[in-house]
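Peer 1: Below is the file coords22.json, which contains JSON, C-alpha atoms.
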```json
[["chain", "number", "residue", "atom", "x", "y", "z"],
["A", 1, "MET", "CA", -84.87, 98.30, -56.24],
["A", 2, "ARG", "CA", -86.37, 96.83, -53.06],
["A", 3, "ARG", "CA", -84.88, 98.19, -49.84],
["A", 4, "MET", "CA", -83.26, 95.67, -47.53],
["A", 5, "ILE", "CA", -85.58, 96.56, -44.66],
["A", 6, "PRO", "CA", -87.68, 93.97, -42.82],
["A", 7, "SER", "CA", -91.29, 94.65, -41.91],
["A", 8, "LEU", "CA", -91.89, 97.21, -39.18],
["A", 9, "GLN", "CA", -94.21, 94.80, -37.40],
["A", 10, "SER", "CA", -91.47, 92.19, -37.09],
["A", 11, "LEU", "CA", -89.05, 94.80, -35.71],
["A", 12, "ILE", "CA", -91.57, 95.93, -33.10],
["A", 13, "CYS", "CA", -92.17, 92.30, -32.06],
["A", 14, "PHE", "CA", -88.41, 91.71, -31.88],
["A", 15, "GLU", "CA", -87.89, 94.77, -29.66],
["A", 16, "ALA", "CA", -90.74, 93.76, -27.32],
["A", 17, "ALA", "CA", -89.49, 90.18, -27.01],
["A", 18, "ALA", "CA", -85.95, 91.40, -26.33],
["A", 19, "LYS", "CA", -87.21, 93.75, -23.62],
["A", 20, "HIS", "CA", -89.38, 91.16, -21.83],
["A", 21, "LYS", "CA", -87.23, 88.08, -22.62],
["A", 22, "THR", "CA", -90.42, 86.15, -23.22],
["A", 23, "TYR", "CA", -92.84, 85.95, -26.13],
["A", 24, "THR", "CA", -95.77, 85.79, -23.72],
["A", 25, "HIS", "CA", -95.16, 89.21, -22.17],
["A", 26, "ALA", "CA", -94.29, 90.70, -25.55],
["A", 27, "ALA", "CA", -97.65, 89.46, -26.85],
["A", 28, "GLN", "CA", -99.44, 91.05, -23.89],
["A", 29, "GLU", "CA", -97.74, 94.39, -24.49],
["A", 30, "LEU", "CA", -98.61, 94.42, -28.20],
["A", 31, "SER", "CA", -102.09, 92.88, -27.83],
["A", 32, "MET", "CA", -101.11, 89.94, -30.03],
["A", 33, "THR", "CA", -101.02, 86.20, -29.58],
["A", 34, "GLN", "CA", -97.83, 84.43, -28.57],
["A", 35, "SER", "CA", -97.86, 82.47, -31.80],
["A", 36, "ALA", "CA", -98.14, 85.70, -33.81],
["A", 37, "ILE", "CA", -95.06, 87.08, -32.02],
["A", 38, "SER", "CA", -93.21, 83.83, -32.74],
["A", 39, "ARG", "CA", -94.12, 83.98, -36.45],
["A", 40, "GLN", "CA", -92.98, 87.59, -36.78],
["A", 41, "ILE", "CA", -89.61, 86.85, -35.19],
["A", 42, "GLN", "CA", -89.19, 83.73, -37.30],
["A", 43, "GLN", "CA", -89.83, 85.80, -40.43],
["A", 44, "LEU", "CA", -87.29, 88.37, -39.25],
["A", 45, "GLU", "CA", -84.66, 85.69, -38.62],
["A", 46, "GLU", "CA", -85.30, 84.21, -42.08],
["A", 47, "PHE", "CA", -84.99, 87.67, -43.64],
["A", 48, "LEU", "CA", -81.67, 88.27, -41.84],
["A", 49, "ASN", "CA", -80.51, 84.66, -42.16],
["A", 50, "LEU", "CA", -79.46, 84.92, -38.51],
["A", 51, "GLN", "CA", -80.67, 83.58, -35.19],
["A", 52, "LEU", "CA", -81.68, 86.43, -32.88],
["A", 53, "PHE", "CA", -82.80, 84.48, -29.79],
["A", 54, "HIS", "CA", -81.79, 81.42, -27.80],
["A", 55, "ARG", "CA", -84.52, 79.42, -26.10],
["A", 56, "VAL", "CA", -83.95, 79.20, -22.32],
["A", 57, "ARG", "CA", -85.91, 77.64, -19.50],
["A", 58, "HIS", "CA", -88.10, 80.62, -18.68],
["A", 59, "GLY", "CA", -88.19, 82.40, -22.04],
["A", 60, "VAL", "CA", -85.66, 83.65, -24.56],
["A", 61, "GLU", "CA", -82.30, 85.42, -24.56],
["A", 62, "LEU", "CA", -80.68, 87.47, -27.29],
["A", 63, "THR", "CA", -77.81, 86.01, -29.24],
["A", 64, "SER", "CA", -74.77, 88.23, -29.75],
["A", 65, "ALA", "CA", -76.13, 89.10, -33.20],
["A", 66, "GLY", "CA", -79.51, 89.90, -31.63],
["A", 67, "GLU", "CA", -77.92, 92.20, -29.06],
["A", 68, "GLN", "CA", -76.04, 94.10, -31.75],
["A", 69, "TYR", "CA", -79.12, 94.39, -33.96],
["A", 70, "LEU", "CA", -81.28, 95.64, -31.07],
["A", 71, "LYS", "CA", -78.69, 98.27, -30.19],
["A", 72, "ASN", "CA", -78.63, 99.52, -33.77],
["A", 73, "ILE", "CA", -82.37, 99.69, -34.44],
["A", 74, "LYS", "CA", -83.71, 101.05, -31.12],
["A", 75, "THR", "CA", -82.90, 104.69, -31.88],
["A", 76, "HIS", "CA", -84.43, 104.36, -35.34],
["A", 77, "LEU", "CA", -87.67, 102.91, -33.97],
["A", 78, "LEU", "CA", -87.79, 105.66, -31.37],
["A", 79, "GLY", "CA", -87.14, 108.25, -34.06],
["A", 80, "LEU", "CA", -90.01, 106.90, -36.17],
["A", 81, "GLU", "CA", -92.31, 107.08, -33.17],
["A", 82, "HIS", "CA", -91.25, 110.64, -32.31],
["A", 83, "SER", "CA", -91.61, 111.78, -35.93],
["A", 84, "THR", "CA", -95.08, 110.28, -36.12],
["A", 85, "LEU", "CA", -96.18, 111.88, -32.84],
["A", 86, "ASP", "CA", -94.71, 115.23, -33.92],
["A", 87, "LEU", "CA", -96.58, 115.14, -37.22],
["A", 88, "MET", "CA", -99.84, 114.15, -35.51],
["A", 89, "SER", "CA", -99.51, 116.82, -32.81],
["A", 90, "HIS", "CA", -98.84, 119.59, -35.34],
["A", 91, "GLN", "CA", -101.27, 118.31, -37.96],
["A", 92, "GLY", "CA", -98.66, 118.93, -40.64],
["A", 93, "LEU", "CA", -98.05, 122.53, -39.52],
["A", 94, "GLY", "CA", -94.86, 123.82, -37.87],
["A", 95, "GLY", "CA", -92.64, 121.04, -36.65],
["A", 96, "THR", "CA", -90.02, 120.13, -34.09],
["A", 97, "LEU", "CA", -86.33, 120.74, -33.44],
["A", 98, "LYS", "CA", -84.49, 118.02, -31.52],
["A", 99, "LEU", "CA", -81.69, 119.76, -29.69],
["A", 100, "GLY", "CA", -78.78, 118.42, -27.64],
["A", 101, "VAL", "CA", -77.59, 120.86, -24.96],
["A", 102, "VAL", "CA", -74.94, 120.98, -22.24],
["A", 103, "PRO", "CA", -76.82, 120.53, -18.94],
["A", 104, "THR", "CA", -76.31, 123.74, -16.95],
["A", 105, "PHE", "CA", -76.70, 125.96, -20.00],
["A", 106, "ALA", "CA", -79.99, 124.20, -20.70],
["A", 107, "THR", "CA", -81.44, 124.66, -17.22],
["A", 108, "ARG", "CA", -79.94, 128.04, -16.31],
["A", 109, "TRP", "CA", -79.91, 129.96, -19.62],
["A", 110, "LEU", "CA", -81.94, 128.34, -22.39],
["A", 111, "LEU", "CA", -85.06, 127.07, -20.61],
["A", 112, "PRO", "CA", -85.81, 130.37, -18.79],
["A", 113, "ARG", "CA", -85.77, 132.13, -22.19],
["A", 114, "LEU", "CA", -87.44, 129.50, -24.34],
["A", 115, "TYR", "CA", -90.93, 130.85, -23.68],
["A", 116, "ARG", "CA", -90.02, 133.85, -25.84],
["A", 117, "PHE", "CA", -89.33, 131.55, -28.78],
["A", 118, "ASN", "CA", -92.64, 129.78, -28.13],
["A", 119, "GLU", "CA", -94.47, 133.10, -28.19],
["A", 120, "ILE", "CA", -93.03, 133.92, -31.62],
["A", 121, "TYR", "CA", -93.33, 130.41, -33.07],
["A", 122, "PRO", "CA", -96.09, 128.52, -31.20],
["A", 123, "GLU", "CA", -96.22, 125.97, -34.01],
["A", 124, "ILE", "CA", -92.63, 124.81, -33.33],
["A", 125, "THR", "CA", -91.77, 122.40, -30.51],
["A", 126, "ILE", "CA", -88.24, 122.17, -29.07],
["A", 127, "HIS", "CA", -87.12, 118.82, -27.62],
["A", 128, "LEU", "CA", -84.04, 118.93, -25.36],
["A", 129, "GLU", "CA", -81.53, 116.23, -24.39],
["A", 130, "THR", "CA", -78.44, 116.95, -22.30],
["A", 131, "SER", "CA", -74.84, 115.74, -22.42],
["A", 132, "THR", "CA", -71.44, 117.06, -21.39],
["A", 133, "LYS", "CA", -69.74, 115.34, -24.34],
["A", 134, "PRO", "CA", -69.83, 116.15, -28.07],
["A", 135, "PHE", "CA", -73.02, 114.89, -29.68],
["A", 136, "LEU", "CA", -72.54, 112.27, -32.39],
["A", 137, "PHE", "CA", -75.20, 113.13, -34.95],
["A", 138, "SER", "CA", -74.61, 109.80, -36.71],
["A", 139, "GLU", "CA", -75.59, 107.85, -33.59],
["A", 140, "GLN", "CA", -78.16, 110.02, -31.84],
["A", 141, "ILE", "CA", -81.30, 111.53, -33.24],
["A", 142, "PHE", "CA", -80.56, 115.25, -32.95],
["A", 143, "ASP", "CA", -81.12, 118.01, -35.44],
["A", 144, "ALA", "CA", -78.58, 120.28, -33.74],
["A", 145, "ALA", "CA", -76.72, 120.89, -30.48],
["A", 146, "ILE", "CA", -75.60, 123.74, -28.27],
["A", 147, "TYR", "CA", -72.12, 122.84, -27.07],
["A", 148, "ALA", "CA", -69.45, 124.55, -24.96],
["A", 149, "GLY", "CA", -65.98, 123.92, -26.34],
["A", 150, "THR", "CA", -62.84, 125.43, -27.80],
["A", 151, "PRO", "CA", -62.57, 126.66, -31.41],
["A", 152, "ALA", "CA", -60.25, 123.72, -32.13],
["A", 153, "GLN", "CA", -62.86, 121.24, -30.87],
["A", 154, "VAL", "CA", -65.64, 122.54, -33.08],
["A", 155, "GLU", "CA", -63.38, 123.00, -36.10],
["A", 156, "ASN", "CA", -62.30, 119.35, -35.82],
["A", 157, "TRP", "CA", -65.79, 118.00, -35.14],
["A", 158, "PRO", "CA", -66.25, 115.88, -38.28],
["A", 159, "GLY", "CA", -69.23, 116.43, -40.53],
["A", 160, "THR", "CA", -70.62, 119.48, -38.75],
["A", 161, "THR", "CA", -71.10, 123.22, -39.06],
["A", 162, "ALA", "CA", -70.80, 125.36, -35.92],
["A", 163, "HIS", "CA", -72.16, 128.87, -35.31],
["A", 164, "PHE", "CA", -70.44, 130.90, -32.58],
["A", 165, "LEU", "CA", -72.96, 132.12, -30.00],
["A", 166, "MET", "CA", -71.10, 133.68, -27.08],
["A", 167, "PRO", "CA", -67.88, 133.51, -25.08],
["A", 168, "GLU", "CA", -67.73, 131.92, -21.64],
["A", 169, "GLU", "CA", -66.64, 134.47, -19.04],
["A", 170, "VAL", "CA", -66.38, 133.16, -15.48],
["A", 171, "VAL", "CA", -66.49, 135.06, -12.19],
["A", 172, "ALA", "CA", -65.47, 134.04, -8.68],
["A", 173, "VAL", "CA", -68.50, 133.58, -6.39],
["A", 174, "CYS", "CA", -69.28, 132.20, -2.95],
["A", 175, "SER", "CA", -71.88, 132.55, -0.21],
["A", 176, "PRO", "CA", -71.92, 135.63, 2.05],
["A", 177, "ALA", "CA", -71.51, 133.29, 5.04],
["A", 178, "LEU", "CA", -68.14, 132.08, 3.69],
["A", 179, "ILE", "CA", -66.81, 135.64, 3.49],
["A", 180, "LYS", "CA", -68.08, 136.34, 7.00],
["A", 181, "LYS", "CA", -66.32, 133.21, 8.27],
["A", 182, "PHE", "CA", -62.92, 133.91, 6.71],
["A", 183, "TYR", "CA", -62.96, 137.73, 6.59],
["A", 184, "PRO", "CA", -65.38, 138.92, 9.28],
["A", 185, "ALA", "CA", -63.93, 142.42, 9.32],
["A", 186, "LEU", "CA", -65.12, 142.98, 5.73],
["A", 187, "VAL", "CA", -68.77, 142.50, 6.72],
["A", 188, "GLU", "CA", -68.67, 143.88, 10.23],
["A", 189, "TYR", "CA", -70.56, 147.09, 9.52],
["A", 190, "ASP", "CA", -72.53, 146.41, 6.35],
["A", 191, "SER", "CA", -73.51, 143.61, 4.00],
["A", 192, "PRO", "CA", -72.09, 144.37, 0.54],
["A", 193, "THR", "CA", -73.37, 142.35, -2.40],
["A", 194, "THR", "CA", -69.95, 142.23, -4.07],
["A", 195, "PHE", "CA", -66.34, 142.19, -2.92],
["A", 196, "ASP", "CA", -63.02, 142.73, -4.62],
["A", 197, "LEU", "CA", -60.72, 140.33, -2.83],
["A", 198, "SER", "CA", -57.12, 140.14, -3.90],
["A", 199, "ALA", "CA", -55.71, 136.97, -5.43],
["A", 200, "GLU", "CA", -53.88, 136.31, -2.17],
["A", 201, "GLN", "CA", -57.10, 136.65, -0.15],
["A", 202, "LEU", "CA", -58.97, 134.33, -2.49],
["A", 203, "SER", "CA", -56.20, 131.74, -2.34],
["A", 204, "LYS", "CA", -56.89, 131.36, 1.39],
["A", 205, "LEU", "CA", -60.53, 130.33, 0.76],
["A", 206, "PRO", "CA", -61.53, 126.71, -0.01],
["A", 207, "LEU", "CA", -61.66, 126.40, -3.80],
["A", 208, "LEU", "CA", -64.34, 124.43, -5.64],
["A", 209, "GLN", "CA", -63.02, 122.70, -8.74],
["A", 210, "GLN", "CA", -64.69, 121.54, -11.96],
["A", 211, "THR", "CA", -63.72, 117.99, -12.99],
["A", 212, "THR", "CA", -63.84, 118.75, -16.72],
["A", 213, "ARG", "CA", -61.50, 121.73, -16.27],
["A", 214, "SER", "CA", -59.13, 120.83, -13.50],
["A", 215, "ALA", "CA", -56.79, 123.77, -14.13],
["A", 216, "ILE", "CA", -59.37, 126.59, -14.28],
["A", 217, "TRP", "CA", -58.38, 128.12, -10.92],
["A", 218, "LYS", "CA", -54.71, 127.96, -11.90],
["A", 219, "GLU", "CA", -55.60, 129.81, -15.11],
["A", 220, "TRP", "CA", -57.45, 132.41, -13.05],
["A", 221, "PHE", "CA", -54.52, 133.00, -10.69],
["A", 222, "ASP", "CA", -52.01, 132.91, -13.57],
["A", 223, "SER", "CA", -53.96, 135.64, -15.35],
["A", 224, "LEU", "CA", -53.25, 137.82, -12.30],
["A", 225, "ASN", "CA", -49.59, 136.76, -12.20],
["A", 226, "TYR", "CA", -50.12, 135.23, -8.78],
["A", 227, "ASN", "CA", -48.58, 131.90, -7.79],
["A", 228, "ALA", "CA", -51.23, 130.04, -5.76],
["A", 229, "PRO", "CA", -49.68, 126.77, -4.51],
["A", 230, "TYR", "CA", -53.03, 125.12, -3.84],
["A", 231, "ALA", "CA", -54.84, 126.31, -6.96],
["A", 232, "MET", "CA", -55.75, 122.78, -8.08],
["A", 233, "GLU", "CA", -56.95, 121.49, -4.70],
["A", 234, "GLY", "CA", -60.50, 121.31, -3.39],
["A", 235, "GLN", "CA", -63.80, 119.53, -3.94],
["A", 236, "ARG", "CA", -64.46, 118.59, -7.56],
["A", 237, "HIS", "CA", -67.85, 118.68, -9.28],
["A", 238, "GLU", "CA", -68.71, 117.96, -12.90],
["A", 239, "LEU", "CA", -71.33, 120.62, -13.70],
["A", 240, "PHE", "CA", -71.58, 124.36, -13.14],
["A", 241, "SER", "CA", -74.98, 123.76, -11.54],
["A", 242, "MET", "CA", -73.32, 121.45, -8.99],
["A", 243, "LEU", "CA", -70.65, 124.06, -8.29],
["A", 244, "ALA", "CA", -73.37, 126.67, -7.76],
["A", 245, "VAL", "CA", -75.16, 124.48, -5.21],
["A", 246, "ALA", "CA", -71.90, 123.70, -3.40],
["A", 247, "ALA", "CA", -70.98, 127.39, -3.26],
["A", 248, "THR", "CA", -74.46, 128.36, -2.06],
["A", 249, "HIS", "CA", -74.02, 125.93, 0.84],
["A", 250, "HIS", "CA", -70.77, 127.57, 1.97],
["A", 251, "LEU", "CA", -68.44, 124.79, 0.74],
["A", 252, "GLY", "CA", -66.09, 127.11, -1.11],
["A", 253, "VAL", "CA", -65.59, 129.68, -3.83],
["A", 254, "ALA", "CA", -66.29, 128.71, -7.43],
["A", 255, "LEU", "CA", -65.60, 130.00, -10.93],
["A", 256, "ILE", "CA", -68.90, 130.05, -12.84],
["A", 257, "PRO", "CA", -70.21, 131.99, -15.87],
["A", 258, "GLN", "CA", -72.27, 134.85, -14.44],
["A", 259, "MET", "CA", -75.09, 134.24, -16.91],
["A", 260, "LEU", "CA", -75.68, 130.81, -15.33],
["A", 261, "ILE", "CA", -76.15, 132.07, -11.75],
["A", 262, "GLU", "CA", -78.35, 135.14, -12.26],
["A", 263, "LYS", "CA", -80.99, 133.80, -9.85],
["A", 264, "GLU", "CA", -78.53, 133.09, -7.00],
["A", 265, "LEU", "CA", -76.89, 136.51, -7.42],
["A", 266, "LYS", "CA", -80.22, 138.31, -7.46],
["A", 267, "GLN", "CA", -81.41, 136.50, -4.32],
["A", 268, "GLY", "CA", -78.13, 137.08, -2.50],
["A", 269, "GLU", "CA", -77.34, 133.37, -2.14],
["A", 270, "LEU", "CA", -74.09, 133.98, -4.00],
["A", 271, "ILE", "CA", -71.96, 137.09, -4.26],
["A", 272, "VAL", "CA", -69.19, 138.04, -6.68],
["A", 273, "VAL", "CA", -65.96, 138.26, -4.67],
["A", 274, "SER", "CA", -63.54, 139.63, -7.26],
["A", 275, "SER", "CA", -63.75, 142.18, -10.05],
["A", 276, "HIS", "CA", -61.39, 140.04, -12.11],
["A", 277, "LYS", "CA", -63.11, 137.94, -14.78],
["A", 278, "LEU", "CA", -61.57, 135.12, -16.76],
["A", 279, "THR", "CA", -62.50, 134.73, -20.40],
["A", 280, "GLY", "CA", -61.65, 131.12, -21.03],
["A", 281, "SER", "CA", -60.82, 129.28, -24.20],
["A", 282, "ARG", "CA", -64.29, 127.72, -24.33],
["A", 283, "CYS", "CA", -67.25, 129.34, -26.07],
["A", 284, "TYR", "CA", -70.84, 128.33, -26.80],
["A", 285, "TYR", "CA", -71.67, 127.13, -30.30],
["A", 286, "PHE", "CA", -74.76, 126.03, -32.18],
["A", 287, "VAL", "CA", -73.70, 122.89, -34.05],
["A", 288, "TYR", "CA", -75.51, 120.78, -36.65],
["A", 289, "ALA", "CA", -74.67, 118.06, -39.14],
["A", 290, "GLU", "CA", -73.66, 119.35, -42.54],
["A", 291, "GLN", "CA", -76.88, 119.38, -44.51],
["A", 292, "PRO", "CA", -79.17, 121.99, -46.06],
["A", 293, "HIS", "CA", -80.74, 124.28, -43.47],
["A", 294, "ASN", "CA", -84.36, 123.55, -42.70],
["A", 295, "PRO", "CA", -86.68, 126.52, -42.03],
["A", 296, "ILE", "CA", -87.18, 125.58, -38.36],
["A", 297, "MET", "CA", -83.45, 125.53, -37.68],
["A", 298, "LEU", "CA", -82.98, 128.88, -39.39],
["A", 299, "LYS", "CA", -85.70, 130.42, -37.20],
["A", 300, "PHE", "CA", -84.07, 129.03, -34.06],
["A", 301, "ILE", "CA", -80.61, 130.28, -35.06],
["A", 302, "GLU", "CA", -82.04, 133.74, -35.73],
["A", 303, "TRP", "CA", -83.75, 133.72, -32.33],
["A", 304, "LEU", "CA", -80.53, 132.62, -30.60],
["A", 305, "GLN", "CA", -78.69, 135.46, -32.33],
["A", 306, "GLN", "CA", -81.20, 137.93, -30.91],
["A", 307, "GLU", "CA", -81.04, 136.43, -27.42],
["A", 308, "THR", "CA", -77.26, 136.48, -27.25],
["A", 309, "ALA", "CA", -77.28, 140.06, -28.58],
["A", 310, "MET", "CA", -74.46, 139.28, -30.97],
["A", 311, "PRO", "CA", -74.19, 141.52, -34.05],
["A", 312, "ALA", "CA", -73.33, 138.52, -36.23],
["A", 313, "ILE", "CA", -72.83, 134.78, -35.99],
["A", 314, "SER", "CA", -69.52, 133.35, -37.15],
["A", 315, "THR", "CA", -69.55, 129.97, -38.81],
["A", 316, "TYR", "CA", -67.10, 127.06, -38.75],
["A", 317, "ALA", "CA", -67.47, 124.20, -41.20],
["A", 318, "SER", "CA", -65.75, 120.92, -40.32],
["A", 319, "ASN", "CA", -64.84, 118.10, -42.65]]
```
Rewrite the structure of this file - the entire thing - as structure tokens.

Peer 2:
Amino acid sequence: MRRMIPSLQSLICFEAAAKHKTYTHAAQELSMTQSAISRQIQQLEEFLNLQLFHRVRHGVELTSAGEQYLKNIKTHLLGLEHSTLDLMSHQGLGGTLKLGVVPTFATRWLLPRLYRFNEIYPEITIHLETSTKPFLFSEQIFDAAIYAGTPAQVENWPGTTAHFLMPEEVVAVCSPALIKKFYPALVEYDSPTTFDLSAEQLSKLPLLQQTTRSAIWKEWFDSLNYNAPYAMEGQRHELFSMLAVAATHHLGVALIPQMLIEKELKQGELIVVSSHKLTGSRCYYFVYAEQPHNPIMLKFIEWLQQETAMPAISTYASN
């Protein structure tokens, strides 16, 4: 049975014409004649039995059907291009893993360690895209994702399987200058690299909040049975990396997973100001669409297991 798929050439011409809004510039991009572009789009419209463009004074504009069709096929065309380039670059050996990752985890934890995976598997290439929201495998071209969420979120993520990687344990950190400003007596004679401020002392410092978890400081104070009236006030930033920068520049004290600020702690730009740690409800998971494992994914999961030093990886399957 013949597949209901138009010619690839006509789709490429359609995408170029939609991007440039003129057949002339599309022809220049594709090294074709304007009439050839016009014929390809005409054939595509006949195949679809739909009009994709309106003629306007200075070129063409997409119809509503054309806009919807372009939106739906762009990721598939890009995926074909990436798959072709991957195959050519590896000459049929190894392969690629397209991975969606939460931003700060990608830059602060995964990327600094990824060279070790490359040393073991030089024939495998890892492509990374970042997002703070759950990845929709049906809409985006990802093989898998590393996501920070609650067990309920991953269990109710339709059509996926999730492997537990590690918990998210946050610590209170700020710059040494902030401690010196608010509690000069504590640093009068020496320069300690850590402090153990009480909940009351911390409540008097400016708090840096995370927009995606507006109640995290309240949770921290509640876990110490301390009523902090201003626990939900302060500057708000979306990412842990943004909180780290804000804290480094003396804007307040932040709750950040220690594994994501190893560099700042080592260099003394940030210091831990309380021995109390909060193990939140969120954890890190390796998530993929329900399908048979491919060998590349299995190798990456095994490597992640070694890097997180977990004795075993728990699995959640969602329907």

Peer 1: Would you kindly return, as a list in words, each protein, DNA or RNA residue with an atom no farther than 9 Å from any atom of A:Leu50, considering all atoms listed in the file and excluding same-chain residues fewer than 5 positions away?

Peer 2: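 Returned residues: Leu44, Glu45, Ala65 and Gly66 of chain A.
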
Peer 1: Pick from A:Ala247, A:Arg108, A:Ile12, A:Lys74: nearest to A:Ala27, with only C-alpha atoms counted?

Peer 2: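 Answer, going by the shortest atom-to-atom distance: A:Ile12.
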
Peer 1: Determine, counting all atoms listed in the file, which protein, DNA and RNA residues have an atom within 8 Å of an atom of A:Leu128; residues of the same chain fewer than 2 positions away are not included. Present the result as a list in words.

Peer 2: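 Residues near the query, excluding close chain neighbours: Lys98, Leu99, Gly100, Val101, Ile126 and Thr130 of chain A.
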
Peer 1: Hey, can you check how far atom CA of A:Ala185 sits from atom CA of A:Ala244?

Peer 2: 25.1 Å

Peer 1: Residues at most 12 Å from A:Thr96, counting only C-alpha atoms, excluding those fewer than 5 positions away in the same chain, as a PDB file with C-alpha atoms, in the frame of the given file?

Peer 2:
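Resulting contents of out_4.pdb:
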```
ATOM      1  CA  HIS A  82     -91.250 110.640 -32.310  1.00  0.00           C
ATOM      2  CA  SER A  83     -91.610 111.780 -35.930  1.00  0.00           C
ATOM      3  CA  THR A  84     -95.080 110.280 -36.120  1.00  0.00           C
ATOM      4  CA  LEU A  85     -96.180 111.880 -32.840  1.00  0.00           C
ATOM      5  CA  ASP A  86     -94.710 115.230 -33.920  1.00  0.00           C
ATOM      6  CA  LEU A  87     -96.580 115.140 -37.220  1.00  0.00           C
ATOM      7  CA  MET A  88     -99.840 114.150 -35.510  1.00  0.00           C
ATOM      8  CA  SER A  89     -99.510 116.820 -32.810  1.00  0.00           C
ATOM      9  CA  HIS A  90     -98.840 119.590 -35.340  1.00  0.00           C
ATOM     10  CA  ASN A 118     -92.640 129.780 -28.130  1.00  0.00           C
ATOM     11  CA  TYR A 121     -93.330 130.410 -33.070  1.00  0.00           C
ATOM     12  CA  PRO A 122     -96.090 128.520 -31.200  1.00  0.00           C
ATOM     13  CA  GLU A 123     -96.220 125.970 -34.010  1.00  0.00           C
ATOM     14  CA  ILE A 124     -92.630 124.810 -33.330  1.00  0.00           C
ATOM     15  CA  THR A 125     -91.770 122.400 -30.510  1.00  0.00           C
ATOM     16  CA  ILE A 126     -88.240 122.170 -29.070  1.00  0.00           C
ATOM     17  CA  HIS A 127     -87.120 118.820 -27.620  1.00  0.00           C
ATOM     18  CA  LEU A 128     -84.040 118.930 -25.360  1.00  0.00           C
ATOM     19  CA  PHE A 142     -80.560 115.250 -32.950  1.00  0.00           C
ATOM     20  CA  ASP A 143     -81.120 118.010 -35.440  1.00  0.00           C
ATOM     21  CA  ALA A 144     -78.580 120.280 -33.740  1.00  0.00           C
ATOM     22  CA  ASN A 294     -84.360 123.550 -42.700  1.00  0.00           C
ATOM     23  CA  PRO A 295     -86.680 126.520 -42.030  1.00  0.00           C
ATOM     24  CA  ILE A 296     -87.180 125.580 -38.360  1.00  0.00           C
ATOM     25  CA  MET A 297     -83.450 125.530 -37.680  1.00  0.00           C
ATOM     26  CA  LYS A 299     -85.700 130.420 -37.200  1.00  0.00           C
ATOM     27  CA  PHE A 300     -84.070 129.030 -34.060  1.00  0.00           C
TER      28      PHE A 300
END
```
